>>> print(open('final29.tsv').read())   # TSV, C-alpha atoms
chain	number	residue	atom	x	y	z
A	1	MET	CA	12.65	-6.29	11.66
A	2	ASP	CA	14.97	-4.65	9.13
A	3	LYS	CA	14.93	-1.04	7.95
A	4	ARG	CA	13.26	-1.97	4.65
A	5	SER	CA	10.12	-3.14	6.41
A	6	ASN	CA	10.07	-0.33	8.98
A	7	TRP	CA	8.40	2.02	6.48
A	8	MET	CA	5.56	-0.50	6.04
A	9	TRP	CA	4.73	-0.44	9.71
A	10	MET	CA	5.08	3.36	9.82
A	11	ILE	CA	2.36	3.57	7.14
A	12	LEU	CA	0.19	0.75	8.37
A	13	ILE	CA	0.11	1.37	12.12
A	14	PRO	CA	-1.42	4.87	11.92
A	15	VAL	CA	-3.90	3.69	9.28
A	16	LEU	CA	-4.91	0.77	11.49
A	17	LEU	CA	-5.08	2.75	14.71
A	18	LEU	CA	-7.10	5.61	13.36
A	19	SER	CA	-9.28	3.81	10.83
A	20	GLY	CA	-11.85	2.66	13.36
A	21	CYS	CA	-10.62	-0.95	13.29
A	22	GLY	CA	-12.78	-2.01	10.37
A	23	GLN	CA	-15.46	0.64	10.81
A	24	GLY	CA	-14.25	2.60	7.77
A	25	PRO	CA	-16.47	4.15	5.11
A	26	ALA	CA	-17.21	0.83	3.41
A	27	SER	CA	-16.28	-1.90	5.85
A	28	GLN	CA	-18.84	-4.44	4.65
A	29	ARG	CA	-18.09	-6.47	1.55
A	30	GLY	CA	-20.35	-5.29	-1.25
A	31	ALA	CA	-21.07	-1.92	0.37
A	32	SER	CA	-21.36	0.84	-2.19
A	33	LEU	CA	-18.56	3.37	-2.41
A	34	PRO	CA	-19.15	7.10	-1.92
A	35	ARG	CA	-19.72	9.18	-5.04
A	36	GLY	CA	-16.51	10.02	-6.89
A	37	VAL	CA	-14.44	7.19	-5.40
A	38	ILE	CA	-12.56	4.89	-7.77
A	39	SER	CA	-13.30	1.17	-7.57
A	40	ALA	CA	-10.95	-1.46	-6.13
A	41	ALA	CA	-10.29	-2.68	-9.68
A	42	GLN	CA	-9.35	0.85	-10.79
A	43	ALA	CA	-7.03	1.29	-7.79
A	44	CYS	CA	-5.46	-2.08	-8.61
A	45	ARG	CA	-4.97	-1.16	-12.29
A	46	LEU	CA	-3.45	2.22	-11.36
A	47	THR	CA	-0.99	0.58	-8.96
A	48	ILE	CA	0.03	-2.17	-11.39
A	49	GLY	CA	0.02	0.17	-14.40
A	50	LYS	CA	2.12	2.94	-12.84
A	51	ALA	CA	4.77	0.42	-11.84
A	52	GLY	CA	5.96	-0.01	-15.41
A	53	PRO	CA	7.51	-2.97	-17.20
A	54	GLY	CA	9.96	-5.02	-15.14
A	55	PHE	CA	8.87	-3.56	-11.79
A	56	PHE	CA	7.04	-6.76	-10.78
A	57	THR	CA	8.35	-10.25	-11.52
A	58	GLY	CA	5.50	-12.74	-11.43
A	59	PRO	CA	2.77	-10.67	-9.74
A	60	GLU	CA	0.50	-13.09	-7.88
A	61	ARG	CA	-2.18	-11.26	-5.89
A	62	VAL	CA	-3.41	-7.77	-4.98
A	63	HIS	CA	-5.12	-6.99	-1.66
A	64	LEU	CA	-6.94	-3.68	-1.14
A	65	VAL	CA	-8.72	-2.01	1.78
A	66	PHE	CA	-10.91	1.09	1.52
A	67	THR	CA	-10.51	3.31	4.60
A	68	THR	CA	-9.58	6.85	5.71
A	69	TYR	CA	-6.09	8.29	5.95
A	70	ALA	CA	-4.83	8.22	9.51
A	71	LYS	CA	-3.24	11.51	10.38
A	72	GLY	CA	-2.48	13.39	7.21
A	73	GLU	CA	1.11	13.78	8.35
A	74	PRO	CA	3.98	12.69	6.16
A	75	VAL	CA	5.37	9.39	7.32
A	76	GLU	CA	8.88	9.90	8.59
A	77	SER	CA	10.89	7.15	6.96
A	78	GLN	CA	14.39	7.26	5.57
A	79	GLY	CA	14.37	7.23	1.79
A	80	ASP	CA	10.77	6.05	1.31
A	81	ILE	CA	8.27	8.02	-0.73
A	82	SER	CA	5.77	9.81	1.49
A	83	THR	CA	3.87	13.04	0.96
A	84	GLY	CA	0.94	12.59	3.38
A	85	MET	CA	-2.71	13.56	2.95
A	86	PRO	CA	-5.22	15.60	4.91
A	87	PRO	CA	-6.92	13.78	7.81
A	88	ARG	CA	-9.91	11.60	6.92
A	89	THR	CA	-9.07	11.50	3.21
A	90	LEU	CA	-10.70	8.43	1.67
A	91	VAL	CA	-7.94	6.06	0.58
A	92	TRP	CA	-7.23	2.65	-0.86
A	93	VAL	CA	-4.40	0.77	0.83
A	94	VAL	CA	-3.10	-1.46	-1.96
A	95	GLU	CA	-0.68	-4.35	-1.44
A	96	VAL	CA	0.80	-6.25	-4.40
A	97	HIS	CA	2.49	-9.60	-3.86
A	98	ALA	CA	4.92	-10.87	-6.51
A	99	ARG	CA	7.86	-13.24	-6.80
A	100	ALA	CA	10.09	-10.14	-6.83
A	101	ILE	CA	9.86	-6.34	-6.75
A	102	HIS	CA	12.45	-4.33	-8.71
A	103	TRP	CA	12.12	-0.74	-7.48
A	104	ASP	CA	14.94	1.62	-8.41
A	105	HIS	CA	14.68	4.35	-5.77
A	106	SER	CA	16.82	6.26	-3.32
A	107	VAL	CA	17.98	4.48	-0.18
A	108	PRO	CA	19.68	5.67	3.00
A	109	PRO	CA	23.50	5.88	2.99
A	110	GLY	CA	25.07	2.52	3.82
A	111	TYR	CA	21.98	0.56	2.85
A	112	GLN	CA	22.63	-3.09	1.99
A	113	SER	CA	20.27	-4.75	-0.50
A	114	PRO	CA	18.68	-7.94	0.83
A	115	SER	CA	20.12	-11.21	-0.46
A	116	ARG	CA	16.67	-12.08	-1.84
A	117	PRO	CA	14.52	-9.45	-3.59
A	118	ASP	CA	11.51	-8.01	-1.80
A	119	THR	CA	8.21	-9.63	-2.73
A	120	ASP	CA	5.64	-7.05	-1.61
A	121	TYR	CA	4.83	-3.51	-2.69
A	122	SER	CA	2.23	-1.33	-0.98
A	123	VAL	CA	0.78	2.11	-1.58
A	124	VAL	CA	-1.70	4.44	0.08
A	125	MET	CA	-3.78	5.99	-2.71
A	126	ASP	CA	-6.29	8.84	-2.58
A	127	ALA	CA	-9.54	7.07	-3.47
A	128	ARG	CA	-10.88	10.03	-5.46
A	129	THR	CA	-7.81	11.17	-7.41
A	130	GLY	CA	-5.64	8.05	-7.58
A	131	ARG	CA	-2.68	10.05	-6.21
A	132	VAL	CA	-0.27	7.92	-4.19
A	133	SER	CA	1.07	9.48	-0.99
A	134	ASP	CA	2.98	6.57	0.53
A	135	ALA	CA	4.76	3.68	-1.15
A	136	GLY	CA	7.31	1.07	-0.22
A	137	GLU	CA	8.43	-2.51	-0.46
A	138	CYS	CA	9.26	-5.35	1.90
A	139	ALA	CA	9.01	-9.11	2.34
A	140	CYS	CA	6.00	-8.99	4.65
A	141	TRP	CA	3.06	-10.60	2.84
A	142	PRO	CA	0.34	-10.45	3.92
A	143	LEU	CA	-0.08	-7.27	5.91
A	144	PRO	CA	-2.86	-7.32	8.52
A	145	LEU	CA	-5.08	-5.20	6.26
A	146	SER	CA	-8.28	-6.73	7.63
A	147	LYS	CA	-7.76	-4.67	10.79
A	148	ALA	CA	-8.33	-1.52	8.70
A	149	GLY	CA	-11.42	-2.76	6.87
A	150	ALA	CA	-12.81	-5.35	4.52
A	151	VAL	CA	-10.10	-6.81	2.28
A	152	VAL	CA	-10.75	-7.05	-1.45
A	153	SER	CA	-8.50	-9.63	-3.09
A	154	LEU	CA	-7.90	-9.46	-6.84
A	155	PRO	CA	-5.68	-11.22	-9.38
A	156	PRO	CA	-2.83	-9.04	-10.73
A	157	GLU	CA	-4.81	-8.49	-13.95
A	158	CYS	CA	-7.34	-6.61	-11.78
>>> encode(input="final29.tsv", output="structure tokens")
Amino acid sequence: MDKRSNWMWMILIPVLLLSGCGQGPASQRGASLPRGVISAAQACRLTIGKAGPGFFTGPERVHLVFTTYAKGEPVESQGDISTGMPPRTLVWVVEVHARAIHWDHSVPPGYQSPSRPDTDYSVVMDARTGRVSDAGECACWPLPLSKAGAVVSLPPEC
């Protein structure tokens, strides 16, 4: 596993371990969301919309899981965006798959870009405010999101 995908596992493993393995706040498909929580479509639109033109080349699919934030501790990862959230914050884990991701962000010293562009971008988003605490890219589609809860799959148009 290369350093670019390490951040993904650092975000996902705590979410999976502490999310109740699918027993999250709305683990059944079609279950109603708690009051004040944005919908999967809204979380999708925020993720796609905030990316800006040129960020995604050929977006193909968006997978989302509604769950609770694992620890509330910032994820320790070199150069990745991570601000953490309080424990048990309701979140959407959003994963976008595209032919290519073009993210201009800081990287660790000595970092070598992959020969092929990354194809997957994921965020952890506060389900009430839409604020993103963790974000990163890799070539790891699909993540095992179903371990954290029911997966909602949407087209990139949301």
>>> closest_atom_pairs(input="final29.tsv", of="region 26-62 of chain A", to="region 84-108 of chain A", cutoff="10 Å", atoms="all atoms listed in the file", output="tab-separated table")
residue	atom	partner	partner_atom	distance
A:Pro34	CA	A:Leu90	CA	9.3
A:Val37	CA	A:Leu90	CA	8.1
A:Ile38	CA	A:Trp92	CA	9.0
A:Ser39	CA	A:Trp92	CA	9.2
A:Ala40	CA	A:Trp92	CA	7.6
A:Ala43	CA	A:Trp92	CA	7.1
A:Cys44	CA	A:Val94	CA	7.1
A:Thr47	CA	A:Val94	CA	7.6
A:Ile48	CA	A:Val96	CA	8.1
A:Ala51	CA	A:Trp103	CA	8.6
A:Pro53	CA	A:His102	CA	9.9
A:Gly54	CA	A:His102	CA	6.9
A:Phe55	CA	A:His102	CA	4.8
A:Phe56	CA	A:Ile101	CA	4.9
A:Thr57	CA	A:Ala100	CA	5.0
A:Gly58	CA	A:Arg99	CA	5.2
A:Pro59	CA	A:Ala98	CA	3.9
A:Glu60	CA	A:Ala98	CA	5.1
A:Arg61	CA	A:His97	CA	5.4
A:Val62	CA	A:Val96	CA	4.5
>>> atom_distance(input="final29.tsv", atom1="CA of Ala127 (chain A)", atom2="CA of Arg45 (chain A)")
12.9 Å
>>> closest_residue(input="final29.tsv", among="A:Glu157, A:Asp120, A:Asp126, A:Glu137", to="Tyr69 (chain A)", atoms="all atoms listed in the file")
A:Asp126
>>> atom_distance(input="final29.tsv", atom1="CA of Gly36 (chain A)", atom2="CA of Ala135 (chain A)")
22.9 Å
>>> atom_distance(input="final29.tsv", atom1="CA of Leu46 (chain A)", atom2="CA of Arg116 (chain A)")
26.5 Å
